[in-house]
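Trainee: This is protein.txt (compact mmCIF, C-alpha atoms).
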# COMPACT_ATOMS: atom_id res chain seq x y z
CA MET A 48 45.46 -25.35 31.35
CA ASN A 49 43.15 -25.42 28.33
CA LYS A 50 44.30 -25.01 24.73
CA LYS A 51 43.18 -21.38 24.50
CA SER A 52 45.10 -20.44 27.63
CA MET A 53 48.17 -22.35 26.49
CA PHE A 54 48.05 -20.58 23.12
CA ARG A 55 47.94 -17.20 24.92
CA TRP A 56 50.97 -18.10 27.04
CA LEU A 57 52.88 -19.32 23.99
CA MET A 58 52.01 -16.16 22.05
CA ALA A 59 53.08 -13.95 24.96
CA GLY A 60 56.33 -15.92 25.24
CA GLY A 61 56.96 -15.59 21.53
CA VAL A 62 56.32 -11.82 21.57
CA ILE A 63 58.58 -11.31 24.59
CA LEU A 64 61.32 -13.41 23.02
CA LEU A 65 61.06 -11.31 19.86
CA ILE A 66 61.28 -8.09 21.90
CA VAL A 67 64.40 -9.41 23.69
CA LEU A 68 66.03 -10.43 20.41
CA LEU A 69 65.25 -7.05 18.80
CA SER A 70 66.58 -5.22 21.87
CA CYS A 71 69.77 -7.29 21.75
CA ALA A 72 70.18 -6.58 18.04
CA TYR A 73 69.63 -2.84 18.66
CA SER A 74 72.11 -2.88 21.52
CA VAL A 75 74.76 -4.72 19.48
CA PHE A 76 74.45 -2.58 16.34
CA GLU A 77 73.52 0.82 17.82
CA ASN A 78 74.64 0.85 21.47
CA GLU A 79 78.12 -0.72 21.67
CA SER A 80 76.63 -4.03 22.92
CA ARG A 81 75.85 -2.42 26.28
CA LEU A 82 73.87 -4.73 28.60
CA VAL A 83 74.50 -7.60 26.16
CA ALA A 84 78.25 -7.98 26.53
CA PRO A 85 79.59 -8.27 30.13
CA MET A 86 80.06 -4.78 31.62
CA ASP A 87 81.13 -3.16 34.85
CA PHE A 88 77.91 -2.16 36.60
CA SER A 89 79.72 -0.24 39.36
CA THR A 90 80.47 2.50 36.83
CA TYR A 91 77.17 2.20 34.94
CA GLN A 92 75.57 5.41 33.75
CA PHE A 93 72.13 5.52 32.22
CA ARG A 94 71.76 6.23 28.51
CA VAL A 95 68.49 6.60 26.63
CA LYS A 96 69.73 3.98 24.17
CA ASP A 97 69.78 1.46 27.03
CA LEU A 98 66.00 1.66 27.35
CA PRO A 99 65.08 -1.23 25.00
CA MET A 100 67.27 -3.63 26.98
CA LEU A 101 66.14 -2.16 30.34
CA ILE A 102 62.53 -2.82 29.35
CA SER A 103 62.90 -6.19 27.63
CA ILE A 104 64.97 -7.92 30.35
CA PRO A 105 62.51 -7.23 33.24
CA LEU A 106 59.68 -8.18 30.87
CA LEU A 107 61.33 -11.56 30.26
CA ILE A 108 61.94 -12.06 34.00
CA VAL A 109 58.30 -11.20 34.82
CA TYR A 110 57.12 -13.64 32.13
CA ILE A 111 59.29 -16.46 33.50
CA LEU A 112 58.11 -15.79 37.08
CA ALA A 113 54.45 -15.68 35.95
CA LEU A 114 54.96 -18.93 34.03
CA ILE A 115 56.42 -20.62 37.14
CA VAL A 116 53.49 -19.41 39.29
CA ARG A 117 51.02 -20.62 36.62
CA LEU A 118 52.71 -24.04 36.52
CA PHE A 119 52.54 -24.37 40.31
CA LEU A 120 48.85 -23.42 40.28
CA ALA A 121 48.15 -25.93 37.49
CA LEU A 122 49.96 -28.69 39.40
CA LYS A 123 48.02 -27.85 42.57
CA GLN A 124 44.74 -27.91 40.66
CA GLN A 125 45.65 -31.24 39.07
CA ARG A 126 46.51 -32.71 42.49
CA LEU A 127 43.07 -31.69 43.78
CA GLN A 128 41.49 -33.51 40.82
CA ASP A 129 43.44 -36.72 41.49
CA GLN A 130 41.28 -39.38 43.09
CA PRO A 131 42.54 -40.71 46.42
CA GLY A 132 43.84 -44.27 46.15
CA TYR A 133 44.79 -43.81 42.50
CA THR A 134 48.20 -42.91 41.05
CA ARG A 135 48.68 -39.29 40.07
CA ARG A 136 47.95 -38.19 36.53
CA VAL A 137 51.13 -37.52 34.59
CA ASP A 138 51.43 -37.07 30.85
CA PRO A 139 53.94 -39.61 29.47
CA ARG A 140 55.34 -36.80 27.33
CA PHE A 141 56.92 -35.39 30.51
CA GLY A 142 59.46 -38.14 29.89
CA LEU A 143 60.84 -35.93 27.13
CA PHE A 144 62.35 -33.77 29.88
CA GLY A 145 64.90 -36.59 30.12
CA PHE A 146 66.55 -35.18 27.01
CA PHE A 147 67.65 -32.19 29.12
CA GLY A 148 70.17 -34.68 30.53
CA PHE A 149 72.23 -34.16 27.39
CA LEU A 150 72.80 -30.56 28.59
CA GLY A 151 75.22 -32.18 31.04
CA PHE A 152 77.71 -32.53 28.20
CA LEU A 153 77.90 -28.71 28.13
CA GLY A 154 79.97 -29.11 31.29
CA PHE A 155 82.97 -30.24 29.24
CA TYR A 156 82.78 -27.02 27.23
CA SER A 157 82.10 -24.75 30.22
CA TYR A 158 84.97 -26.32 32.18
CA ALA A 159 87.38 -25.96 29.29
CA SER A 160 86.43 -22.35 28.61
CA GLN A 161 85.52 -20.94 32.06
CA ARG A 162 86.37 -23.70 34.57
CA VAL A 163 82.66 -23.91 35.50
CA ILE A 164 81.45 -27.42 36.35
CA PHE A 165 77.81 -26.68 37.21
CA PRO A 166 76.35 -27.92 33.85
CA PHE A 167 77.44 -31.47 34.73
CA PHE A 168 74.59 -31.43 37.24
CA PHE A 169 72.15 -31.54 34.30
CA PHE A 170 72.91 -35.26 33.95
CA VAL A 171 70.33 -35.64 36.74
CA PHE A 172 67.66 -34.90 34.13
CA PHE A 173 68.27 -38.29 32.50
CA GLY A 174 66.21 -39.63 35.41
CA PHE A 175 63.18 -37.76 34.06
CA PHE A 176 62.83 -40.41 31.35
CA GLY A 177 61.07 -42.29 34.17
CA PHE A 178 58.09 -39.92 33.78
CA TYR A 179 57.29 -41.80 30.57
CA TYR A 180 56.61 -44.97 32.56
CA GLU A 181 54.88 -43.09 35.38
CA GLY A 182 52.64 -41.48 32.77
CA LYS A 183 51.74 -44.88 31.34
CA MET A 184 50.56 -45.93 34.82
CA SER A 185 48.57 -42.71 35.43
CA GLY A 186 45.26 -43.10 37.23
CA THR A 187 45.91 -46.73 38.20
CA LEU A 188 44.15 -48.04 41.29
CA ALA A 189 46.97 -48.31 43.83
CA ASP A 190 45.86 -51.54 45.49
CA GLU A 191 48.05 -53.68 47.72
CA MET A 192 49.78 -55.47 44.84
CA PHE A 193 50.62 -52.13 43.24
CA GLU A 194 52.00 -50.81 46.54
CA GLU A 195 54.05 -53.98 46.99
CA HIS A 196 55.49 -53.59 43.50
CA ARG A 197 56.20 -49.91 44.15
CA VAL A 198 58.14 -50.69 47.33
CA LYS A 199 60.01 -53.54 45.59
CA ALA A 200 60.92 -51.30 42.63
CA GLN A 201 62.06 -48.43 44.85
CA LEU A 202 64.14 -50.74 47.02
CA LYS A 203 65.90 -52.22 44.01
CA ALA A 204 66.44 -48.76 42.48
CA TYR A 205 67.92 -47.42 45.74
CA LYS A 206 70.18 -50.46 46.01
CA VAL A 207 71.51 -49.91 42.49
CA GLY A 208 71.93 -46.17 43.14
CA MET A 209 73.71 -46.74 46.45
CA SER A 210 75.99 -49.36 44.88
CA LEU A 211 76.93 -46.89 42.14
CA ILE A 212 77.65 -44.14 44.67
CA PHE A 213 79.74 -46.60 46.71
CA ALA A 214 81.76 -47.57 43.62
CA ILE A 215 82.24 -43.90 42.68
CA LEU A 216 83.41 -42.97 46.19
CA TRP A 217 85.59 -46.09 46.43
CA LEU A 218 87.47 -45.12 43.28
CA VAL A 219 88.01 -41.56 44.55
CA GLY A 220 89.05 -42.83 47.97
CA PHE A 221 91.66 -45.07 46.41
CA GLY A 222 93.29 -42.21 44.60
CA LEU A 223 91.63 -41.86 41.21
CA PHE A 224 92.66 -38.39 39.91
CA ASN A 225 95.09 -38.10 42.79
CA ARG A 226 96.14 -34.46 43.43
CA GLN A 227 93.86 -33.16 40.67
CA LEU A 228 91.01 -31.70 42.67
CA ASP A 229 89.27 -30.22 39.62
CA TYR A 230 88.94 -33.67 38.08
CA VAL A 231 87.73 -35.13 41.37
CA ALA A 232 85.01 -32.46 41.53
CA ILE A 233 83.97 -33.14 37.93
CA TYR A 234 84.04 -36.90 38.45
CA LEU A 235 81.93 -36.67 41.62
CA THR A 236 79.42 -34.25 40.06
CA ILE A 237 78.97 -36.47 37.01
CA GLY A 238 79.01 -39.73 38.96
CA ILE A 239 76.55 -38.74 41.66
CA SER A 240 74.25 -36.95 39.18
CA LEU A 241 74.12 -40.09 37.02
CA ALA A 242 73.61 -42.35 40.06
CA TYR A 243 70.69 -40.13 41.12
CA ALA A 244 69.27 -40.22 37.58
CA VAL A 245 69.54 -44.01 37.47
CA THR A 246 67.71 -44.26 40.80
CA LEU A 247 64.92 -41.93 39.63
CA PHE A 248 64.51 -43.77 36.35
CA LEU A 249 64.74 -47.30 37.71
CA SER A 250 62.12 -46.77 40.42
CA GLU A 251 59.52 -46.00 37.73
CA TYR A 252 60.80 -48.40 35.08
CA LEU A 253 60.97 -51.39 37.42
CA LEU A 254 57.50 -50.62 38.78
CA TYR A 255 56.20 -50.65 35.21
CA ARG A 256 57.98 -53.95 34.53
CA TYR A 257 56.59 -55.58 37.69
CA GLU A 258 53.11 -54.35 36.85
CA HIS A 259 53.19 -55.64 33.30
CA GLN A 260 54.99 -58.96 33.68
CA GLU A 261 52.81 -61.96 32.99
CA MET B 64 57.39 -65.99 48.07
CA PRO B 65 55.94 -69.22 49.52
CA GLU B 66 54.38 -71.49 46.91
CA PHE B 67 50.72 -72.24 47.23
CA ILE B 68 47.77 -73.58 45.27
CA CYS B 69 44.96 -71.12 44.62
CA GLN B 70 41.44 -72.46 44.17
CA LEU B 71 39.91 -69.02 43.81
CA LYS B 72 39.07 -69.38 40.11
CA GLN B 73 36.88 -72.42 40.77
CA TYR B 74 34.95 -70.85 43.70
CA ARG B 75 34.61 -67.51 41.89
CA ALA B 76 33.05 -69.31 38.91
CA GLU B 77 30.70 -71.19 41.23
CA LYS B 78 29.61 -67.86 42.67
CA GLY B 79 29.06 -66.52 39.15
CA LEU B 80 31.47 -63.63 39.51
CA THR B 81 33.82 -62.31 36.86
CA GLN B 82 37.36 -61.26 37.78
CA GLN B 83 36.35 -57.61 37.46
CA GLN B 84 33.26 -58.02 39.66
CA LEU B 85 35.29 -59.73 42.36
CA ALA B 86 37.99 -57.07 42.05
CA ASP B 87 35.38 -54.34 42.53
CA LEU B 88 33.95 -56.14 45.56
CA VAL B 89 37.32 -56.32 47.32
CA HIS B 90 38.62 -52.94 46.03
CA VAL B 91 41.57 -54.19 44.00
CA ARG B 92 42.38 -54.30 40.29
CA ARG B 93 41.42 -57.13 37.97
CA GLU B 94 45.15 -57.75 37.44
CA THR B 95 45.52 -58.51 41.14
CA ILE B 96 42.76 -61.13 41.01
CA MET B 97 44.26 -62.56 37.83
CA ARG B 98 47.69 -63.00 39.46
CA LEU B 99 46.11 -64.36 42.62
CA GLU B 100 44.37 -67.06 40.60
CA LYS B 101 47.67 -67.97 38.96
CA ALA B 102 49.24 -68.12 42.45
CA GLN B 103 51.72 -65.46 41.34
CA TYR B 104 50.81 -63.07 44.12
CA ASN B 105 50.71 -63.71 47.84
CA PRO B 106 47.79 -61.67 49.24
CA SER B 107 47.68 -59.86 52.56
CA LEU B 108 45.56 -61.33 55.34
CA LYS B 109 43.00 -58.56 54.86
CA LEU B 110 42.63 -59.23 51.14
CA ALA B 111 42.42 -62.99 51.73
CA ILE B 112 39.61 -62.43 54.28
CA ASP B 113 37.80 -59.99 51.95
CA ILE B 114 37.97 -62.51 49.11
CA SER B 115 36.83 -65.39 51.29
CA ARG B 116 33.81 -63.30 52.36
CA ALA B 117 33.06 -62.30 48.77
CA VAL B 118 33.04 -65.90 47.48
CA GLU B 119 31.66 -67.23 50.79
CA GLN B 120 34.35 -69.86 51.23
CA PRO B 121 36.88 -70.34 54.06
CA ILE B 122 40.41 -69.09 53.40
CA GLU B 123 41.89 -72.61 53.81
CA LYS B 124 39.86 -73.78 50.83
CA LEU B 125 40.88 -70.85 48.64
CA PHE B 126 44.61 -70.85 49.36
CA ILE B 127 46.29 -74.18 50.05
CA PHE B 128 49.84 -73.99 51.42
CA ASP B 129 52.05 -77.08 51.58
Could you show the structure in this file as structure tokens?
Mentor:
Amino acid sequence: MNKKSMFRWLMAGGVILLIVLLSCAYSVFENESRLVAPMDFSTYQFRVKDLPMLISIPLLIVYILALIVRLFLALKQQRLQDQPGYTRRVDPRFGLFGFFGFLGFLGFYSYASQRVIFPFFFFVFFGFFGFYYEGKMSGTLADEMFEEHRVKAQLKAYKVGMSLIFAILWLVGFGLFNRQLDYVAIYLTIGISLAYAVTLFLSEYLLYRYEHQE
Amino acid sequence: MPEFICQLKQYRAEKGLTQQQLADLVHVRRETIMRLEKAQYNPSLKLAIDISRAVEQPIEKLFIFD
């Protein structure tokens, strides 16, 4: 994706976001918060004042879908450009996605307010910090020493991940949070998500370490 | 990893090859040649044969195992 194309996508996103925000504001101040606040759709009846929300929401959905398709196409195009025998090209800034891992802490709020534990799954994103190291090794000739290091790093990462999962399961099996199934579910979601993140991160980090040790 | 003595640096110099040139000849990175010369990396049989052909020396002379 070139800069011009990226600017167009960002502009379109900004405009659509503005339309959604204006529609929400209109709905809240002029239309009893319909389609913004939770409502019973089984008894829904169309009103002309609903139109801004009815237009802006599908527009946002179409934009998100188009963005996903564009991303897939860009990734496919990039894969075609990758030279065989070399590591794939990844921007180290993708490592910033690791910060999405902090969204996992939202789980404590969502559980307390709505008893929803799904956000804990976001701890998996901590593993995306590994993209930083993968990015630093972009376009490297994957010769036999590199492959050996990759296998060694992955094996060690899997061992650490499996040991963590074993410890997590062992504690549950021996009655941690006994008779409090909600806590068991939260503990397992957090524990296994973090173990997965550690495995993802370590496989790239250790490879980088092996490659750069003197 | 078994310990060994690597004589590659000496024979590579005799052949007048740089690490990068040798790496290009045997399709590996310069870092791999560098670690080989420090005996920090144990090469595969294929790489050992490729290197011995590139520097025109028998494998036993390049890599000496106790």
Trainee: Env of stretch 142-145 of chain A: 7 Å cut, atoms = all atoms listed in the file, seq-sep filter 5 positions within chain, self excluded. Answer as a PDB file with C-alpha atoms, in the coordinates of the input.
Mentor:
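selection_13.pdb written:
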ATOM      1  CA  PHE A 172      67.660 -34.900  34.130  1.00  0.00           C
ATOM      2  CA  PHE A 173      68.270 -38.290  32.500  1.00  0.00           C
ATOM      3  CA  GLY A 174      66.210 -39.630  35.410  1.00  0.00           C
ATOM      4  CA  PHE A 175      63.180 -37.760  34.060  1.00  0.00           C
ATOM      5  CA  PHE A 176      62.830 -40.410  31.350  1.00  0.00           C
ATOM      6  CA  GLY A 177      61.070 -42.290  34.170  1.00  0.00           C
ATOM      7  CA  PHE A 178      58.090 -39.920  33.780  1.00  0.00           C
ATOM      8  CA  TYR A 179      57.290 -41.800  30.570  1.00  0.00           C
TER       9      TYR A 179
END
Trainee: State, in Å with one decimal place, the distance from atom CA of B:Phe128 to atom CA of A:Leu253.
Mentor: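 Atom-to-atom, atom CA of B:Phe128 to atom CA of A:Leu253, that is 28.8 Å.
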Trainee: Output as a list in words the set of chain A residues within 10 Å of chain B, with distances taken over all atoms listed in the file.
Mentor: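 Using all atoms listed in the file, chain A residues at most 10 Å from chain B: Thr187, Leu188, Ala189, Asp190, Glu191, Met192, Phe193, Glu258, His259 and Glu261 of chain A.
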Trainee: Could you jot down the atom CA of A:Tyr110 to atom CA of A:Val171 separation for me, Å, one decimal place?
Mentor: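 Pair atom CA of A:Tyr110 / atom CA of A:Val171 returns 26.1 Å.
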Trainee: Calculated over only C-alpha atoms, which of the candidates B:Lys78, B:Ala102, B:Leu88, B:Arg93 has the smallest distance to B:Glu119?
Mentor: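 The closest residue to B:Glu119 is B:Lys78.
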Trainee: To one decimal place in Å, what is the distance between atom CA of A:Ile115 and atom CA of A:Ile63?
Mentor: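 Straight-line distance from atom CA of A:Ile115 to atom CA of A:Ile63 works out to 15.8 Å.
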Trainee: Give the answer as one residue: which of A:Ser157, A:Thr246, A:Gln227, A:Ser70 has the shortest atom-to-atom distance to A:Leu107, using only C-alpha atoms?
Mentor: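 Of A:Ser157, A:Thr246, A:Gln227, A:Ser70, the one nearest A:Leu107, counting only C-alpha atoms, is A:Ser70.
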Trainee: Using only C-alpha atoms, which protein or nucleic acid residues come within 10 Å of A:Ile104? Drop anything in the same chain fewer than 5 positions from it, and give the result as JSON, numbers by chain.
Mentor: {"A": [63, 64, 66, 67, 70, 71, 82, 99, 109, 110]}
Trainee: Restricting the output to C-alpha atoms, write the selected residues as a CSV table (one decimal), keeping the file's coordinate frame.
Mentor:
chain,number,residue,atom,x,y,z
A,63,ILE,CA,58.6,-11.3,24.6
A,64,LEU,CA,61.3,-13.4,23.0
A,66,ILE,CA,61.3,-8.1,21.9
A,67,VAL,CA,64.4,-9.4,23.7
A,70,SER,CA,66.6,-5.2,21.9
A,71,CYS,CA,69.8,-7.3,21.8
A,82,LEU,CA,73.9,-4.7,28.6
A,99,PRO,CA,65.1,-1.2,25.0
A,109,VAL,CA,58.3,-11.2,34.8
A,110,TYR,CA,57.1,-13.6,32.1
Trainee: Taking 2 positions as the minimum chain separation for residues in the same chain, which residues sit within 12 Å of stretch 88-96 of chain A when counting only C-alpha atoms? Answer as a PDB file with C-alpha atoms, keeping the file's coordinate frame.
Mentor:
ATOM      1  CA  SER A  70      66.580  -5.220  21.870  1.00  0.00           C
ATOM      2  CA  CYS A  71      69.770  -7.290  21.750  1.00  0.00           C
ATOM      3  CA  TYR A  73      69.630  -2.840  18.660  1.00  0.00           C
ATOM      4  CA  SER A  74      72.110  -2.880  21.520  1.00  0.00           C
ATOM      5  CA  VAL A  75      74.760  -4.720  19.480  1.00  0.00           C
ATOM      6  CA  PHE A  76      74.450  -2.580  16.340  1.00  0.00           C
ATOM      7  CA  GLU A  77      73.520   0.820  17.820  1.00  0.00           C
ATOM      8  CA  ASN A  78      74.640   0.850  21.470  1.00  0.00           C
ATOM      9  CA  GLU A  79      78.120  -0.720  21.670  1.00  0.00           C
ATOM     10  CA  SER A  80      76.630  -4.030  22.920  1.00  0.00           C
ATOM     11  CA  ARG A  81      75.850  -2.420  26.280  1.00  0.00           C
ATOM     12  CA  LEU A  82      73.870  -4.730  28.600  1.00  0.00           C
ATOM     13  CA  ALA A  84      78.250  -7.980  26.530  1.00  0.00           C
ATOM     14  CA  PRO A  85      79.590  -8.270  30.130  1.00  0.00           C
ATOM     15  CA  MET A  86      80.060  -4.780  31.620  1.00  0.00           C
ATOM     16  CA  LEU A  98      66.000   1.660  27.350  1.00  0.00           C
ATOM     17  CA  PRO A  99      65.080  -1.230  25.000  1.00  0.00           C
ATOM     18  CA  MET A 100      67.270  -3.630  26.980  1.00  0.00           C
ATOM     19  CA  LEU A 101      66.140  -2.160  30.340  1.00  0.00           C
ATOM     20  CA  ILE A 102      62.530  -2.820  29.350  1.00  0.00           C
TER      21      ILE A 102
END
Trainee: Around the point (51.8, -17.3, 29.6) (coordinates from the file), which residues reach within 12 Å if we count only C-alpha atoms? Answer as a list in words.
Mentor: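 Here the neighbourhood of the point contains Met48, Asn49, Lys50, Lys51, Ser52, Met53, Phe54, Arg55, Trp56, Leu57, Met58, Ala59, Gly60, Gly61, Val62, Ile63, Leu107, Val109, Tyr110, Ile111, Leu112, Ala113, Leu114, Ile115, Val116, Arg117 and Leu118 of chain A.
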Trainee: Need to verify the contact set: A:Ala200, 12 Å, only C-alpha atoms, exclusion of same-chain residues closer than 5 positions in sequence. Can you return it as a list in words?
Mentor: Phe193, Glu194, Glu195, Tyr205, Lys206, Val207, Thr246, Leu247, Phe248, Leu249, Ser250, Glu251, Tyr252, Leu253, Leu254, Tyr255, Arg256, Tyr257 and Glu258 of chain A
Trainee: Residues of the last selection are to be written out with C-alpha atoms, as a PDB file, in the frame of the given file.
Mentor:
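The result, written out as again_20.pdb:
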ATOM      1  CA  PHE A 193      50.620 -52.130  43.240  1.00  0.00           C
ATOM      2  CA  GLU A 194      52.000 -50.810  46.540  1.00  0.00           C
ATOM      3  CA  GLU A 195      54.050 -53.980  46.990  1.00  0.00           C
ATOM      4  CA  TYR A 205      67.920 -47.420  45.740  1.00  0.00           C
ATOM      5  CA  LYS A 206      70.180 -50.460  46.010  1.00  0.00           C
ATOM      6  CA  VAL A 207      71.510 -49.910  42.490  1.00  0.00           C
ATOM      7  CA  THR A 246      67.710 -44.260  40.800  1.00  0.00           C
ATOM      8  CA  LEU A 247      64.920 -41.930  39.630  1.00  0.00           C
ATOM      9  CA  PHE A 248      64.510 -43.770  36.350  1.00  0.00           C
ATOM     10  CA  LEU A 249      64.740 -47.300  37.710  1.00  0.00           C
ATOM     11  CA  SER A 250      62.120 -46.770  40.420  1.00  0.00           C
ATOM     12  CA  GLU A 251      59.520 -46.000  37.730  1.00  0.00           C
ATOM     13  CA  TYR A 252      60.800 -48.400  35.080  1.00  0.00           C
ATOM     14  CA  LEU A 253      60.970 -51.390  37.420  1.00  0.00           C
ATOM     15  CA  LEU A 254      57.500 -50.620  38.780  1.00  0.00           C
ATOM     16  CA  TYR A 255      56.200 -50.650  35.210  1.00  0.00           C
ATOM     17  CA  ARG A 256      57.980 -53.950  34.530  1.00  0.00           C
ATOM     18  CA  TYR A 257      56.590 -55.580  37.690  1.00  0.00           C
ATOM     19  CA  GLU A 258      53.110 -54.350  36.850  1.00  0.00           C
TER      20      GLU A 258
END
Trainee: Applying 8 Å and only C-alpha atoms, which residues near A:Gly154 remain after dropping the ones on its own chain fewer than 4 positions away? List them as a list in words.
Mentor: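 So, after excluding close chain neighbours, the residues are Leu150, Tyr158, Val163, Ile164, Phe165, Pro166 and Phe167 of chain A.
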Trainee: Choose the residue, out of B:Phe67, B:Tyr74, B:Gly79, B:Leu85, that has the smallest atom-to-atom separation from B:Phe126; count only C-alpha atoms.
Mentor: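 With only C-alpha atoms as the atom set, the closest residue is B:Phe67.
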Trainee: Can I get N, CA, C and O atoms for stretch 66-78 of chain A, as a PDB file, in the first residue's frame?
Mentor:
ATOM      1  N   ILE A  66     -19.046  10.669  10.729  1.00  0.00           N
ATOM      2  CA  ILE A  66     -20.480  10.461  10.431  1.00  0.00           C
ATOM      3  C   ILE A  66     -21.131   9.647  11.552  1.00  0.00           C
ATOM      4  O   ILE A  66     -22.231   9.965  12.010  1.00  0.00           O
ATOM      5  N   VAL A  67     -20.425   8.587  12.009  1.00  0.00           N
ATOM      6  CA  VAL A  67     -20.982   7.745  13.084  1.00  0.00           C
ATOM      7  C   VAL A  67     -21.149   8.565  14.359  1.00  0.00           C
ATOM      8  O   VAL A  67     -22.195   8.492  15.020  1.00  0.00           O
ATOM      9  N   LEU A  68     -20.139   9.357  14.691  1.00  0.00           N
ATOM     10  CA  LEU A  68     -20.222  10.170  15.915  1.00  0.00           C
ATOM     11  C   LEU A  68     -21.352  11.192  15.833  1.00  0.00           C
ATOM     12  O   LEU A  68     -22.108  11.372  16.788  1.00  0.00           O
ATOM     13  N   LEU A  69     -21.501  11.834  14.659  1.00  0.00           N
ATOM     14  CA  LEU A  69     -22.585  12.814  14.490  1.00  0.00           C
ATOM     15  C   LEU A  69     -23.943  12.130  14.567  1.00  0.00           C
ATOM     16  O   LEU A  69     -24.884  12.652  15.170  1.00  0.00           O
ATOM     17  N   SER A  70     -24.052  10.942  13.975  1.00  0.00           N
ATOM     18  CA  SER A  70     -25.314  10.193  14.016  1.00  0.00           C
ATOM     19  C   SER A  70     -25.666   9.824  15.450  1.00  0.00           C
ATOM     20  O   SER A  70     -26.824   9.912  15.863  1.00  0.00           O
ATOM     21  N   CYS A  71     -24.620   9.391  16.209  1.00  0.00           N
ATOM     22  CA  CYS A  71     -24.847   9.034  17.614  1.00  0.00           C
ATOM     23  C   CYS A  71     -25.318  10.257  18.397  1.00  0.00           C
ATOM     24  O   CYS A  71     -26.272  10.182  19.176  1.00  0.00           O
ATOM     25  N   ALA A  72     -24.640  11.388  18.157  1.00  0.00           N
ATOM     26  CA  ALA A  72     -25.011  12.618  18.868  1.00  0.00           C
ATOM     27  C   ALA A  72     -26.449  13.008  18.520  1.00  0.00           C
ATOM     28  O   ALA A  72     -27.237  13.351  19.412  1.00  0.00           O
ATOM     29  N   TYR A  73     -26.814  12.907  17.243  1.00  0.00           N
ATOM     30  CA  TYR A  73     -28.179  13.238  16.810  1.00  0.00           C
ATOM     31  C   TYR A  73     -29.180  12.317  17.492  1.00  0.00           C
ATOM     32  O   TYR A  73     -30.224  12.749  17.988  1.00  0.00           O
ATOM     33  N   SER A  74     -28.817  11.009  17.520  1.00  0.00           N
ATOM     34  CA  SER A  74     -29.724  10.032  18.107  1.00  0.00           C
ATOM     35  C   SER A  74     -29.909  10.288  19.600  1.00  0.00           C
ATOM     36  O   SER A  74     -31.025  10.182  20.122  1.00  0.00           O
ATOM     37  N   VAL A  75     -28.811  10.619  20.281  1.00  0.00           N
ATOM     38  CA  VAL A  75     -28.891  10.840  21.739  1.00  0.00           C
ATOM     39  C   VAL A  75     -29.701  12.097  22.059  1.00  0.00           C
ATOM     40  O   VAL A  75     -30.568  12.082  22.932  1.00  0.00           O
ATOM     41  N   PHE A  76     -29.457  13.185  21.310  1.00  0.00           N
ATOM     42  CA  PHE A  76     -30.102  14.459  21.655  1.00  0.00           C
ATOM     43  C   PHE A  76     -31.475  14.659  21.007  1.00  0.00           C
ATOM     44  O   PHE A  76     -32.299  15.392  21.516  1.00  0.00           O
ATOM     45  N   GLU A  77     -31.707  13.991  19.861  1.00  0.00           N
ATOM     46  CA  GLU A  77     -32.957  14.256  19.126  1.00  0.00           C
ATOM     47  C   GLU A  77     -33.846  13.035  18.964  1.00  0.00           C
ATOM     48  O   GLU A  77     -34.958  13.134  18.473  1.00  0.00           O
ATOM     49  N   ASN A  78     -33.336  11.821  19.298  1.00  0.00           N
ATOM     50  CA  ASN A  78     -34.106  10.621  18.961  1.00  0.00           C
ATOM     51  C   ASN A  78     -34.132   9.608  20.099  1.00  0.00           C
ATOM     52  O   ASN A  78     -34.075   8.404  19.879  1.00  0.00           O
TER      53      ASN A  78
END
